[in-house]
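Source file: run.csv (CSV, C-alpha atoms and all ligand atoms)
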```
chain,number,residue,atom,x,y,z
A,1,MET,CA,-66.6,-39.7,186.2
A,2,PHE,CA,-68.7,-37.7,188.7
A,3,LYS,CA,-65.9,-36.2,190.7
A,4,LYS,CA,-67.4,-32.7,190.3
A,5,GLU,CA,-70.8,-31.7,191.3
A,6,PHE,CA,-73.2,-30.8,188.4
A,7,SER,CA,-76.7,-29.9,187.7
A,8,PRO,CA,-78.9,-32.2,185.7
A,9,GLY,CA,-79.9,-31.3,182.1
A,10,ALA,CA,-83.3,-31.8,180.5
A,11,LYS,CA,-85.6,-34.5,181.9
A,12,SER,CA,-87.8,-36.5,179.6
A,13,LYS,CA,-90.2,-39.4,179.8
A,14,VAL,CA,-89.0,-42.9,178.8
A,15,LYS,CA,-91.5,-44.4,176.3
A,16,SER,CA,-93.1,-47.6,177.6
A,17,SER,CA,-91.4,-49.7,174.8
A,18,ALA,CA,-88.0,-48.3,175.8
A,19,GLN,CA,-88.9,-48.9,179.4
A,20,ARG,CA,-89.5,-52.5,178.7
A,21,ALA,CA,-86.2,-52.8,176.8
A,22,LEU,CA,-84.4,-51.3,179.8
A,23,ARG,CA,-86.0,-53.7,182.1
A,24,THR,CA,-84.9,-56.7,180.0
A,25,LYS,CA,-81.4,-55.2,179.7
A,26,LEU,CA,-81.2,-54.6,183.5
A,27,LEU,CA,-82.1,-58.2,184.2
A,28,GLU,CA,-79.6,-59.5,181.7
A,29,THR,CA,-76.9,-57.6,183.4
A,30,PHE,CA,-78.0,-58.3,186.9
A,31,PRO,CA,-80.2,-61.5,186.9
A,32,LYS,CA,-80.5,-61.5,190.7
A,33,LEU,CA,-82.7,-58.4,190.5
A,34,GLU,CA,-85.5,-60.6,188.9
A,35,PRO,CA,-87.6,-61.1,192.1
A,36,TYR,CA,-87.4,-57.3,192.8
A,37,ILE,CA,-87.8,-55.9,189.4
A,38,ASP,CA,-91.5,-54.9,189.9
A,39,GLU,CA,-90.6,-53.2,193.1
A,40,ILE,CA,-87.7,-51.3,191.5
A,41,LEU,CA,-89.3,-50.6,188.2
A,42,PRO,CA,-93.1,-50.9,188.5
A,43,LYS,CA,-94.6,-51.5,185.1
A,44,LYS,CA,-97.2,-48.8,185.5
A,45,GLU,CA,-95.0,-46.0,186.7
A,46,GLN,CA,-93.3,-43.5,184.6
A,47,LEU,CA,-89.6,-43.8,184.3
A,48,ASP,CA,-87.7,-40.5,183.5
A,49,VAL,CA,-84.3,-40.0,181.9
A,50,LEU,CA,-82.0,-37.1,182.8
A,51,LYS,CA,-79.1,-36.0,180.7
A,52,ILE,CA,-76.1,-35.5,182.8
A,53,PRO,CA,-72.5,-34.5,181.9
A,54,ASP,CA,-70.2,-36.7,179.6
A,55,ARG,CA,-73.1,-38.1,177.6
A,56,VAL,CA,-74.5,-40.1,180.5
A,57,SER,CA,-78.2,-40.8,180.9
A,58,LEU,CA,-79.5,-41.2,184.4
A,59,TYR,CA,-82.8,-43.1,184.9
A,60,VAL,CA,-85.0,-42.0,187.7
A,61,LEU,CA,-88.4,-42.9,189.1
A,62,GLY,CA,-89.8,-39.8,190.7
A,63,THR,CA,-86.9,-38.5,192.9
A,64,THR,CA,-85.3,-42.0,193.2
A,65,PRO,CA,-82.2,-42.5,191.0
A,66,LEU,CA,-82.0,-46.1,189.7
A,67,PHE,CA,-79.2,-46.5,187.2
A,68,TYR,CA,-77.2,-44.7,184.6
A,69,GLN,CA,-75.6,-45.4,181.3
A,70,HIS,CA,-72.8,-43.9,179.3
A,71,MET,CA,-73.9,-44.0,175.7
A,72,ASP,CA,-74.4,-47.7,175.0
A,73,ASP,CA,-72.2,-49.0,177.7
A,74,PRO,CA,-73.6,-51.3,180.3
A,75,LEU,CA,-76.3,-50.1,182.8
A,76,ILE,CA,-74.7,-49.2,186.1
A,77,PRO,CA,-76.8,-49.1,189.2
A,78,HIS,CA,-76.9,-45.9,191.3
A,79,LEU,CA,-75.4,-46.6,194.8
A,80,GLN,CA,-78.7,-45.9,196.4
A,81,LEU,CA,-80.2,-48.8,194.5
A,82,VAL,CA,-77.1,-50.9,195.4
A,83,HIS,CA,-77.6,-50.1,199.1
A,84,ARG,CA,-81.2,-51.4,199.0
A,85,TYR,CA,-80.4,-54.7,197.2
A,86,PRO,CA,-76.7,-55.3,197.8
A,87,TRP,CA,-77.0,-59.1,197.4
A,88,CYS,CA,-78.3,-58.7,193.8
A,89,PHE,CA,-75.0,-57.4,192.4
A,90,PRO,CA,-71.5,-58.9,191.7
A,91,ARG,CA,-69.4,-57.7,194.6
A,92,VAL,CA,-65.7,-57.3,195.4
A,93,ARG,CA,-64.2,-55.7,198.5
A,94,ILE,CA,-61.3,-53.3,199.1
A,95,ASP,CA,-59.2,-53.1,202.2
A,96,ARG,CA,-59.8,-50.4,204.8
A,97,GLY,CA,-56.8,-48.4,203.6
A,98,GLY,CA,-58.3,-47.9,200.2
A,99,VAL,CA,-61.5,-46.3,201.3
A,100,ARG,CA,-60.2,-42.8,201.6
A,101,PHE,CA,-58.8,-42.9,198.1
A,102,VAL,CA,-62.0,-44.1,196.6
A,103,LEU,CA,-63.9,-41.4,198.4
A,104,SER,CA,-61.6,-38.8,197.0
A,105,GLY,CA,-62.3,-39.9,193.5
A,106,ALA,CA,-59.0,-41.8,192.8
A,107,THR,CA,-58.8,-44.7,190.4
A,108,LEU,CA,-59.2,-48.0,192.2
A,109,MET,CA,-55.9,-49.9,192.1
A,110,VAL,CA,-55.6,-53.7,192.1
A,111,PRO,CA,-53.6,-54.0,195.4
A,112,GLY,CA,-56.6,-52.7,197.3
A,113,LEU,CA,-58.5,-55.8,196.2
A,114,THR,CA,-55.7,-58.3,196.4
A,115,SER,CA,-54.3,-57.3,199.8
A,116,PRO,CA,-55.4,-59.3,202.9
A,117,GLY,CA,-58.4,-56.9,203.6
A,118,GLY,CA,-59.6,-57.2,200.0
A,119,ARG,CA,-61.9,-59.8,198.6
A,120,LEU,CA,-62.2,-61.3,195.1
A,121,PRO,CA,-64.2,-64.2,193.8
A,122,GLY,CA,-62.4,-67.5,194.4
A,123,ASP,CA,-60.5,-66.2,197.4
A,124,ASP,CA,-60.5,-68.8,200.2
A,125,ASP,CA,-62.0,-66.3,202.5
A,126,ALA,CA,-64.4,-64.8,199.9
A,127,GLY,CA,-67.5,-66.3,201.5
A,128,GLU,CA,-70.8,-66.3,199.9
A,129,GLU,CA,-70.9,-62.5,199.5
A,130,TYR,CA,-67.8,-62.3,197.3
A,131,GLY,CA,-67.2,-65.9,196.2
A,132,ASN,CA,-69.4,-66.0,193.1
A,133,ASP,CA,-69.1,-69.8,193.2
A,134,GLY,CA,-65.4,-69.5,192.5
A,135,LYS,CA,-66.0,-67.9,189.1
A,136,GLU,CA,-63.8,-65.0,188.2
A,137,TYR,CA,-65.3,-61.7,186.8
A,138,GLU,CA,-64.2,-60.8,183.3
A,139,GLU,CA,-63.0,-57.4,182.2
A,140,GLY,CA,-65.9,-55.0,181.5
A,141,ARG,CA,-68.1,-56.5,184.2
A,142,VAL,CA,-70.0,-54.0,186.3
A,143,VAL,CA,-69.2,-54.7,190.0
A,144,VAL,CA,-70.1,-53.2,193.3
A,145,VAL,CA,-67.2,-52.3,195.6
A,146,ASP,CA,-67.7,-52.9,199.3
A,147,ALA,CA,-65.2,-51.8,201.9
A,148,GLU,CA,-63.6,-53.8,204.7
A,149,GLY,CA,-65.4,-53.1,207.9
A,150,LYS,CA,-68.3,-51.3,206.3
A,151,GLU,CA,-71.8,-52.5,205.7
A,152,ASN,CA,-72.6,-50.5,202.6
A,153,ALA,CA,-70.8,-50.3,199.3
A,154,CYS,CA,-68.6,-47.3,198.6
A,155,MET,CA,-68.4,-47.6,194.8
A,156,VAL,CA,-69.7,-49.2,191.7
A,157,GLY,CA,-68.0,-49.3,188.3
A,158,VAL,CA,-66.6,-51.3,185.4
A,159,LEU,CA,-63.6,-53.7,185.8
A,160,LYS,CA,-60.6,-52.7,183.8
A,161,MET,CA,-59.0,-56.0,184.4
A,162,ALA,CA,-60.3,-59.5,184.9
A,163,THR,CA,-60.2,-60.6,188.5
A,164,GLY,CA,-58.1,-63.7,187.6
A,165,GLU,CA,-55.4,-61.4,186.1
A,166,MET,CA,-55.5,-59.2,189.2
A,167,LYS,CA,-54.5,-62.1,191.3
A,168,GLU,CA,-51.5,-62.8,189.1
A,169,LYS,CA,-50.3,-59.3,188.6
A,170,LYS,CA,-51.3,-57.8,191.9
A,171,LYS,CA,-50.9,-54.3,190.4
A,172,GLY,CA,-52.5,-52.0,187.9
A,173,VAL,CA,-55.9,-50.3,187.5
A,174,ALA,CA,-58.9,-52.1,188.7
A,175,ILE,CA,-61.7,-49.6,188.2
A,176,GLU,CA,-61.5,-46.2,186.6
A,177,ASN,CA,-64.2,-43.5,186.7
A,178,GLY,CA,-66.5,-45.3,189.1
A,179,HIS,CA,-69.5,-43.8,190.9
A,180,TYR,CA,-68.7,-43.5,194.6
A,181,VAL,CA,-70.6,-42.3,197.7
A,182,GLY,CA,-70.3,-38.5,197.9
A,183,ASP,CA,-69.5,-37.9,194.3
A,184,GLY,CA,-71.4,-35.5,192.0
A,185,LEU,CA,-73.9,-38.2,191.1
A,186,TRP,CA,-74.5,-39.1,194.7
A,187,LYS,CA,-75.0,-35.4,195.6
A,188,LEU,CA,-77.3,-34.7,192.7
A,189,GLU,CA,-80.6,-33.3,194.0
A,190,LEU,CA,-83.6,-34.7,192.2
A,191,ARG,CA,-86.9,-32.9,192.4
B,1,MET,CA,-70.5,-57.2,208.6
B,2,ALA,CA,-71.5,-60.6,207.4
B,3,GLU,CA,-74.8,-60.6,205.7
B,4,VAL,CA,-76.9,-63.8,205.8
B,5,GLN,CA,-77.0,-64.9,202.2
B,6,ALA,CA,-80.5,-66.0,201.4
B,7,PRO,CA,-81.4,-68.4,198.7
B,8,PRO,CA,-82.5,-66.6,195.5
B,9,SER,CA,-86.1,-67.7,195.8
B,10,ASP,CA,-86.5,-66.2,199.2
B,11,LEU,CA,-87.7,-62.7,198.9
B,12,ARG,CA,-85.5,-60.9,201.3
B,13,PRO,CA,-86.9,-57.4,201.8
B,14,ALA,CA,-85.0,-54.4,200.4
B,15,LYS,CA,-82.7,-52.8,203.0
B,16,SER,CA,-83.4,-49.4,204.2
B,17,VAL,CA,-80.2,-47.5,204.7
B,18,VAL,CA,-79.9,-44.4,207.0
B,19,TYR,CA,-78.0,-41.6,205.3
B,20,CYS,CA,-76.3,-38.8,207.3
B,21,GLY,CA,-78.3,-35.7,207.6
B,22,VAL,CA,-75.2,-33.6,207.4
B,23,CYS,CA,-72.9,-35.1,204.7
B,24,THR,CA,-75.5,-37.4,203.0
B,25,LEU,CA,-73.2,-40.5,203.1
B,26,PRO,CA,-74.0,-43.7,205.0
B,27,PRO,CA,-72.9,-42.7,208.6
B,28,GLU,CA,-70.1,-45.3,208.6
B,29,TYR,CA,-68.4,-43.1,205.9
B,30,CYS,CA,-68.8,-39.8,207.8
B,31,GLU,CA,-65.2,-40.1,209.1
B,32,TYR,CA,-63.9,-39.4,205.6
B,33,GLY,CA,-65.6,-36.1,205.2
B,34,GLY,CA,-64.6,-32.8,206.7
B,35,THR,CA,-67.7,-32.5,208.9
B,36,THR,CA,-67.2,-35.6,211.2
B,37,LYS,CA,-68.0,-33.7,214.3
B,38,LYS,CA,-71.3,-32.4,213.1
B,39,CYS,CA,-72.1,-35.7,211.5
B,40,GLU,CA,-71.6,-37.4,214.8
B,41,GLU,CA,-73.8,-34.9,216.6
B,42,TRP,CA,-76.5,-35.5,214.1
B,43,LEU,CA,-76.3,-39.2,214.4
B,44,SER,CA,-76.5,-39.2,218.2
B,45,THR,CA,-79.7,-37.1,218.0
B,46,HIS,CA,-81.4,-38.9,215.2
B,47,HIS,CA,-80.2,-42.5,215.4
B,48,PRO,CA,-78.7,-43.1,218.9
B,49,SER,CA,-78.3,-46.9,218.5
B,50,LEU,CA,-76.4,-46.5,215.2
B,51,HIS,CA,-74.3,-43.8,216.9
B,52,THR,CA,-73.3,-46.2,219.7
B,53,ALA,CA,-72.4,-48.9,217.2
B,54,LEU,CA,-70.1,-46.5,215.2
B,55,TYR,CA,-68.7,-44.2,217.8
B,56,SER,CA,-68.4,-46.1,221.0
B,57,PRO,CA,-64.8,-46.5,222.2
B,58,GLU,CA,-64.8,-50.2,221.4
B,59,ALA,CA,-66.0,-49.6,217.9
B,60,LEU,CA,-63.5,-46.8,217.3
B,61,SER,CA,-60.5,-48.9,218.5
B,62,GLN,CA,-61.7,-51.8,216.4
B,63,ASN,CA,-62.1,-49.6,213.4
B,64,LEU,CA,-58.6,-48.3,213.5
B,65,SER,CA,-56.8,-51.4,214.6
B,66,ILE,CA,-56.7,-52.8,211.1
B,67,LEU,CA,-55.0,-49.7,209.7
B,68,SER,CA,-51.2,-49.6,209.9
B,69,VAL,CA,-49.7,-46.9,212.2
B,70,GLU,CA,-48.6,-45.0,209.2
B,71,ALA,CA,-52.0,-45.2,207.5
B,72,GLN,CA,-53.6,-44.1,210.8
B,73,LYS,CA,-51.4,-41.0,210.9
B,74,ARG,CA,-52.2,-40.2,207.3
B,75,ALA,CA,-55.9,-40.6,208.0
B,76,GLU,CA,-55.7,-38.3,210.9
B,77,LYS,CA,-53.8,-35.7,208.9
B,78,ASP,CA,-56.3,-35.9,206.1
B,79,ALA,CA,-59.2,-35.5,208.5
B,80,ALA,CA,-57.5,-32.5,210.2
B,81,LYS,CA,-56.9,-30.9,206.8
B,82,LYS,CA,-60.5,-31.4,205.7
B,83,ALA,CA,-61.8,-30.2,209.1
B,84,ALA,CA,-59.6,-27.1,208.8
B,85,LYS,CA,-60.9,-26.5,205.3
B,86,ALA,CA,-64.5,-26.9,206.4
B,87,SER,CA,-64.1,-24.5,209.4
B,88,ALA,CA,-62.3,-21.9,207.1
B,89,THR,CA,-65.3,-22.0,204.8
B,90,GLU,CA,-67.6,-21.5,207.8
B,91,ALA,CA,-65.5,-18.6,209.1
B,92,ARG,CA,-65.6,-17.0,205.7
B,93,GLU,CA,-69.4,-17.3,205.6
B,94,ALA,CA,-69.7,-15.9,209.2
B,95,GLU,CA,-67.6,-13.0,208.1
B,96,LYS,CA,-69.7,-12.4,205.1
B,97,ARG,CA,-72.8,-12.4,207.3
B,98,ALA,CA,-71.2,-10.0,209.7
B,99,GLN,CA,-70.7,-7.5,206.9
B,100,SER,CA,-74.1,-8.0,205.3
B,101,LYS,CA,-76.7,-5.4,206.0
B,102,ILE,CA,-80.5,-5.6,206.0
B,103,ILE,CA,-81.8,-2.3,204.7
B,104,ILE,CA,-85.3,-1.2,205.7
B,105,LYS,CA,-86.2,1.7,203.4
B,106,ARG,CA,-89.2,3.9,203.8
B,107,VAL,CA,-90.2,5.2,200.4
B,108,GLU,CA,-92.7,8.0,200.0
B,109,ARG,CA,-95.1,7.2,197.1
B,110,ASN,CA,-97.5,10.1,197.2
B,111,LYS,CA,-98.0,12.6,199.9
B,112,ARG,CA,-98.2,10.7,203.1
B,113,LYS,CA,-98.3,7.4,201.4
B,114,TYR,CA,-95.4,5.1,202.0
B,115,VAL,CA,-94.1,1.7,201.1
B,116,THR,CA,-91.3,-0.1,203.0
B,117,GLU,CA,-88.7,-2.0,201.1
B,118,VAL,CA,-86.7,-4.6,202.9
B,119,SER,CA,-83.5,-5.9,201.3
B,120,GLY,CA,-80.6,-8.1,202.5
B,121,LEU,CA,-82.7,-10.7,204.4
B,122,GLU,CA,-81.2,-13.5,202.3
B,123,HIS,CA,-77.8,-12.9,203.7
B,124,PHE,CA,-79.0,-14.3,207.0
B,125,GLY,CA,-80.7,-17.3,205.5
B,126,LEU,CA,-84.2,-16.0,205.7
B,127,ASP,CA,-86.7,-17.2,203.1
B,128,LEU,CA,-88.1,-14.1,201.4
B,129,LYS,CA,-91.4,-15.6,200.4
B,130,LYS,CA,-92.2,-16.8,203.8
B,131,ILE,CA,-91.2,-13.6,205.5
B,132,ALA,CA,-93.2,-11.5,203.0
B,133,LYS,CA,-96.3,-13.6,203.8
B,134,GLU,CA,-95.6,-13.2,207.5
B,135,PHE,CA,-95.3,-9.4,207.1
B,136,GLY,CA,-98.6,-9.3,205.3
B,137,LYS,CA,-100.4,-11.1,208.1
B,138,LYS,CA,-98.6,-9.3,210.9
B,139,PHE,CA,-99.2,-5.8,209.6
B,140,ALA,CA,-102.5,-6.6,207.8
B,141,THR,CA,-101.2,-5.0,204.6
B,142,GLY,CA,-100.0,-5.9,201.1
B,143,SER,CA,-96.5,-7.5,201.1
B,144,SER,CA,-94.7,-9.3,198.4
B,145,VAL,CA,-91.3,-10.3,197.0
B,146,THR,CA,-90.2,-7.9,194.3
B,147,LYS,CA,-87.2,-7.5,192.1
B,148,ALA,CA,-84.7,-5.1,193.6
B,149,PRO,CA,-83.4,-2.3,191.3
B,150,ALA,CA,-79.8,-3.4,192.1
B,151,GLY,CA,-80.5,-7.0,191.2
B,152,GLY,CA,-81.7,-9.8,193.4
B,153,GLU,CA,-85.0,-9.7,195.3
B,154,GLU,CA,-86.4,-7.7,198.2
B,155,ILE,CA,-89.7,-7.5,200.1
B,156,THR,CA,-92.0,-4.6,199.4
B,157,VAL,CA,-94.6,-3.9,202.1
B,158,GLN,CA,-97.4,-1.4,201.8
B,159,GLY,CA,-97.4,1.4,204.4
B,160,ASP,CA,-94.8,2.7,206.7
B,161,VAL,CA,-93.8,-0.2,208.9
B,162,SER,CA,-90.1,0.3,209.1
B,163,GLU,CA,-89.9,0.4,212.9
B,164,ASP,CA,-92.3,-2.5,213.3
B,165,ILE,CA,-90.1,-4.6,211.0
B,166,ARG,CA,-87.0,-3.7,212.8
B,167,GLU,CA,-88.6,-4.7,216.1
B,168,TRP,CA,-90.0,-7.9,214.6
B,169,LEU,CA,-86.6,-8.9,213.3
B,170,GLU,CA,-85.0,-8.2,216.7
B,171,GLU,CA,-87.6,-10.4,218.5
B,172,ASN,CA,-87.6,-13.3,216.1
B,173,TYR,CA,-84.1,-13.5,214.7
B,174,GLU,CA,-81.5,-13.3,217.4
B,175,GLN,CA,-78.8,-14.3,215.0
B,176,ILE,CA,-79.1,-10.9,213.2
B,177,PRO,CA,-77.0,-8.3,215.1
B,178,GLU,CA,-78.8,-5.0,215.7
B,179,ASP,CA,-76.0,-3.1,213.9
B,180,ASN,CA,-76.6,-5.0,210.7
B,181,VAL,CA,-80.1,-3.6,210.3
B,182,GLU,CA,-80.3,-0.1,208.9
B,183,LEU,CA,-83.3,2.2,208.5
B,184,VAL,CA,-83.2,4.6,205.6
B,185,GLU,CA,-85.5,6.9,203.9
B,186,ALA,CA,-86.1,7.8,200.3
B,187,LYS,CA,-88.3,10.7,199.3
B,188,LYS,CA,-89.6,9.4,196.0
B,189,LYS,CA,-89.5,6.2,194.2
B,190,LYS,CA,-87.1,7.4,191.6
B,191,ASP,CA,-84.5,9.3,193.6
B,192,ALA,CA,-83.7,6.5,196.0
B,193,THR,CA,-80.3,7.8,196.9
B,194,ALA,CA,-80.3,7.0,200.6
B,195,GLY,CA,-78.8,3.7,201.5
A,201,ZN,ZN,-72.0,-37.5,207.8
```
Rewrite the structure of this file - the entire thing - as structure tokens.
Amino acid sequence: MFKKEFSPGAKSKVKSSAQRALRTKLLETFPKLEPYIDEILPKKEQLDVLKIPDRVSLYVLGTTPLFYQHMDDPLIPHLQLVHRYPWCFPRVRIDRGGVRFVLSGATLMVPGLTSPGGRLPGDDDAGEEYGNDGKEYEEGRVVVVDAEGKENACMVGVLKMATGEMKEKKKGVAIENGHYVGDGLWKLELR
Amino acid sequence: MAEVQAPPSDLRPAKSVVYCGVCTLPPEYCEYGGTTKKCEEWLSTHHPSLHTALYSPEALSQNLSILSVEAQKRAEKDAAKKAAKASATEAREAEKRAQSKIIIKRVERNKRKYVTEVSGLEHFGLDLKKIAKEFGKKFATGSSVTKAPAGGEEITVQGDVSEDIREWLEENYEQIPEDNVELVEAKKKKDATAG
């Protein structure tokens, strides 16, 4: 989605009522952010919204990007936010070999997640980080994508296929048009 | 890198992540860009311990051991391609710089009254505003950034300070070759044919 670099469009203030609604929405989508929400989105500070290409709104606090939203789709955290609170988001992991594809803007394919280096909820070796108490993620869920051997996530996006189905089929598209480290959104300079 | 998973009630502090000063990615991802060499240098200067963790021979061999031989080769080829691209861009820019000229033009306003117009400084990465201020102080005269007739911006300094500016550039900016600085003269403001 942000493969190319771009410049931001007009910036405007988010009204406090809308700011409250966003806060609620964010917590609905990512309940584990609850203890940090005042830190992430302080009630008294002004949240701004930037129009960026493809009808996406990017929400920023000063020069810190927080999350973005395509029209009325789910809120997706900016990777800088993910890197600060990785344990607050649903996470999966791709194998080492998939990283260079993700970083070149390719669609994330299922085998990267189902191979030995990948992690999905319910995997025997998923651990607490990826286990999600054995519950699968449904299609449409916003997930953070970690990489084998790396500490920080490389991508965030919406699942095109439920994780249970991935395990059966072992092929197909896992995430399309995600936001990855080094893409246009990542490189966007906020002043 | 296994994180210790804390119970939800425990307020684990937000992580503070170091980002590469060259390519902006977390340094563990620098290997996928075309500037790995520079990234590594930056990291060793700014975050030596992180540098050791990522680039020590042990870390490197571990990092690659999970890749298949074929994947390793591909990764190497990719990295080489990207590095070649990055260095080609750099070479192009160096060439552009080599051909760029700084013109210091003495312009006669009235009889025996001059201004000095300096253009082309931006080709060498100089900040016009800062330099204009510097000239003002240095030569105790009016100095400001103005629109150049040919488009773009230049610095206009009151008085004839062409030689002084040439010397000043030589002393302070070694990266600008002498041959790329040219002194020209224009009789009147309007018939600025020289240069
Ligand atoms: Zn780097």
Exercise. Which residue, A:Leu190, A:Val181, A:Gly134, A:Met1, has the smallest gap to ligand ZN 201 (chain A) when you use all atoms listed in the file?
Worked result: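 Of A:Leu190, A:Val181, A:Gly134, A:Met1, the one nearest ligand ZN 201 (chain A) is A:Val181, counting all atoms listed in the file.
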For this session: Tell me, in Å to one decimal, how far atom CA of A:Arg100 is from atom CA of A:Leu113.
Result: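 Computing the Euclidean distance for atom CA of A:Arg100 and atom CA of A:Leu113 yields 14.2 Å.
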Which chains and residue numbers are within 6 Å of ligand ZN 201 (chain A), counting all atoms listed in the file, if I want them as an mmCIF file with C-alpha atoms, in the coordinates of the input?
```cif
data_model
loop_
_atom_site.group_PDB
_atom_site.id
_atom_site.type_symbol
_atom_site.label_atom_id
_atom_site.label_comp_id
_atom_site.auth_asym_id
_atom_site.auth_seq_id
_atom_site.Cartn_x
_atom_site.Cartn_y
_atom_site.Cartn_z
ATOM 1 C CA CYS B 20 -76.300 -38.800 207.300
ATOM 2 C CA VAL B 22 -75.200 -33.600 207.400
ATOM 3 C CA CYS B 23 -72.900 -35.100 204.700
ATOM 4 C CA THR B 24 -75.500 -37.400 203.000
ATOM 5 C CA LEU B 25 -73.200 -40.500 203.100
ATOM 6 C CA PRO B 27 -72.900 -42.700 208.600
ATOM 7 C CA CYS B 30 -68.800 -39.800 207.800
ATOM 8 C CA CYS B 39 -72.100 -35.700 211.500
#
```
Counting only C-alpha atoms, chain A residues within 9 Å of chain B, as an mmCIF file with C-alpha atoms, keeping the file's coordinate frame:
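Below is the file iface.cif, written as the result:
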```
data_model
loop_
_atom_site.group_PDB
_atom_site.id
_atom_site.type_symbol
_atom_site.label_atom_id
_atom_site.label_comp_id
_atom_site.auth_asym_id
_atom_site.auth_seq_id
_atom_site.Cartn_x
_atom_site.Cartn_y
_atom_site.Cartn_z
ATOM 1 C CA LYS A 32 -80.500 -61.500 190.700
ATOM 2 C CA PRO A 35 -87.600 -61.100 192.100
ATOM 3 C CA TYR A 36 -87.400 -57.300 192.800
ATOM 4 C CA GLN A 80 -78.700 -45.900 196.400
ATOM 5 C CA HIS A 83 -77.600 -50.100 199.100
ATOM 6 C CA ARG A 84 -81.200 -51.400 199.000
ATOM 7 C CA TYR A 85 -80.400 -54.700 197.200
ATOM 8 C CA PRO A 86 -76.700 -55.300 197.800
ATOM 9 C CA TRP A 87 -77.000 -59.100 197.400
ATOM 10 C CA ARG A 96 -59.800 -50.400 204.800
ATOM 11 C CA GLY A 97 -56.800 -48.400 203.600
ATOM 12 C CA VAL A 99 -61.500 -46.300 201.300
ATOM 13 C CA ARG A 100 -60.200 -42.800 201.600
ATOM 14 C CA LEU A 103 -63.900 -41.400 198.400
ATOM 15 C CA SER A 104 -61.600 -38.800 197.000
ATOM 16 C CA GLY A 117 -58.400 -56.900 203.600
ATOM 17 C CA GLU A 128 -70.800 -66.300 199.900
ATOM 18 C CA GLU A 129 -70.900 -62.500 199.500
ATOM 19 C CA GLU A 148 -63.600 -53.800 204.700
ATOM 20 C CA GLY A 149 -65.400 -53.100 207.900
ATOM 21 C CA LYS A 150 -68.300 -51.300 206.300
ATOM 22 C CA GLU A 151 -71.800 -52.500 205.700
ATOM 23 C CA ASN A 152 -72.600 -50.500 202.600
ATOM 24 C CA CYS A 154 -68.600 -47.300 198.600
ATOM 25 C CA VAL A 181 -70.600 -42.300 197.700
ATOM 26 C CA GLY A 182 -70.300 -38.500 197.900
ATOM 27 C CA TRP A 186 -74.500 -39.100 194.700
ATOM 28 C CA LYS A 187 -75.000 -35.400 195.600
#
```
For this session: Mind giving me the straight-line distance from atom CA of B:Thr141 to atom CA of B:Glu182 in Å, one decimal?
Result: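 Taking atom CA of B:Thr141 as the start and atom CA of B:Glu182 as the end point, the length is 21.9 Å.
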For this session: Measuring atom to atom with all atoms listed in the file, identify which of B:Tyr114, B:Trp168, B:His47, B:Ser119 is nearest to B:Gly151.
Result: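 So, comparing all the options, the nearest one is B:Ser119.
Interatomic distance, atom CA of B:Asp179 to atom CA of B:Gly142: 27.3 Å.
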For this session: Tell me, as a list in words, which residues lie within 10 Å of stretch 13-18 of chain A, counting all atoms listed in the file; anything in the same chain fewer than 5 positions away does not count.
Result: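 Counting all atoms listed in the file, the residues come to Arg23, Thr24, Lys43, Lys44, Glu45, Gln46, Leu47, Asp48, Val49, Leu50, Tyr59 and Val60 of chain A.
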Near stretch 136-138 of chain A, within 7 Å and counting all atoms listed in the file, which residues show up once chain neighbours fewer than 3 positions away are dropped, as a short mmCIF file (atom, residue, chain, number, x, y, z; two decimals) with C-alpha atoms, keeping the file's coordinate frame?
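To be explicit, this is the file written out as selection_9.cif:
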```cif
data_model
loop_
_atom_site.label_atom_id
_atom_site.label_comp_id
_atom_site.auth_asym_id
_atom_site.auth_seq_id
_atom_site.Cartn_x
_atom_site.Cartn_y
_atom_site.Cartn_z
CA PRO A 121 -64.20 -64.20 193.80
CA GLY A 122 -62.40 -67.50 194.40
CA ARG A 141 -68.10 -56.50 184.20
CA ALA A 162 -60.30 -59.50 184.90
CA THR A 163 -60.20 -60.60 188.50
CA GLY A 164 -58.10 -63.70 187.60
#
```
Exercise. Any idea what's packed within 12 Å of A:Phe67, counting only C-alpha atoms, ignoring anything in its chain fewer than 2 positions away? Could you give it as a ChimeraX atom specification?
Worked result: /A:22-23,25-26,29-30,40-41,47-50,56-61,64-65,69-70,74-82,142,156-157,179,185-186
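The protein and nucleic acid residues lying at most 7 Å from B:Ser162 are Ile104, Arg106 and Thr116 of chain B, with all atoms listed in the file considered and sequence neighbours fewer than 5 positions away removed.
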Exercise. Using all atoms listed in the file, which residue out of B:Gly21, B:Gly136, B:Gly34, B:Gly159 lies closest to B:Lys77?
Worked result: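 So, comparing all the options, the nearest one is B:Gly34.
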Problem set entry | Which of A:Leu27, A:Asp133, A:Ser12, A:Ala174 sits closest to A:Ala106 [using only C-alpha atoms] |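 Closest to A:Ala106, using only C-alpha atoms: A:Ala174.
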For this session: Compare B:Ala150, B:Ile176, B:Val161, B:Leu169 by their minimum atom-to-atom distance to B:Ile131, counting all atoms listed in the file, and give me the closest one.
Result: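 Once distances to B:Ile131 are computed over all atoms listed in the file, the minimum belongs to B:Leu169.
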For this session: Measuring atom to atom with all atoms listed in the file, identify which of A:Pro42, A:Pro53, A:Gly62, A:Gly184 is nearest to A:Arg20.
Result: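 The closest residue to A:Arg20 is A:Pro42.
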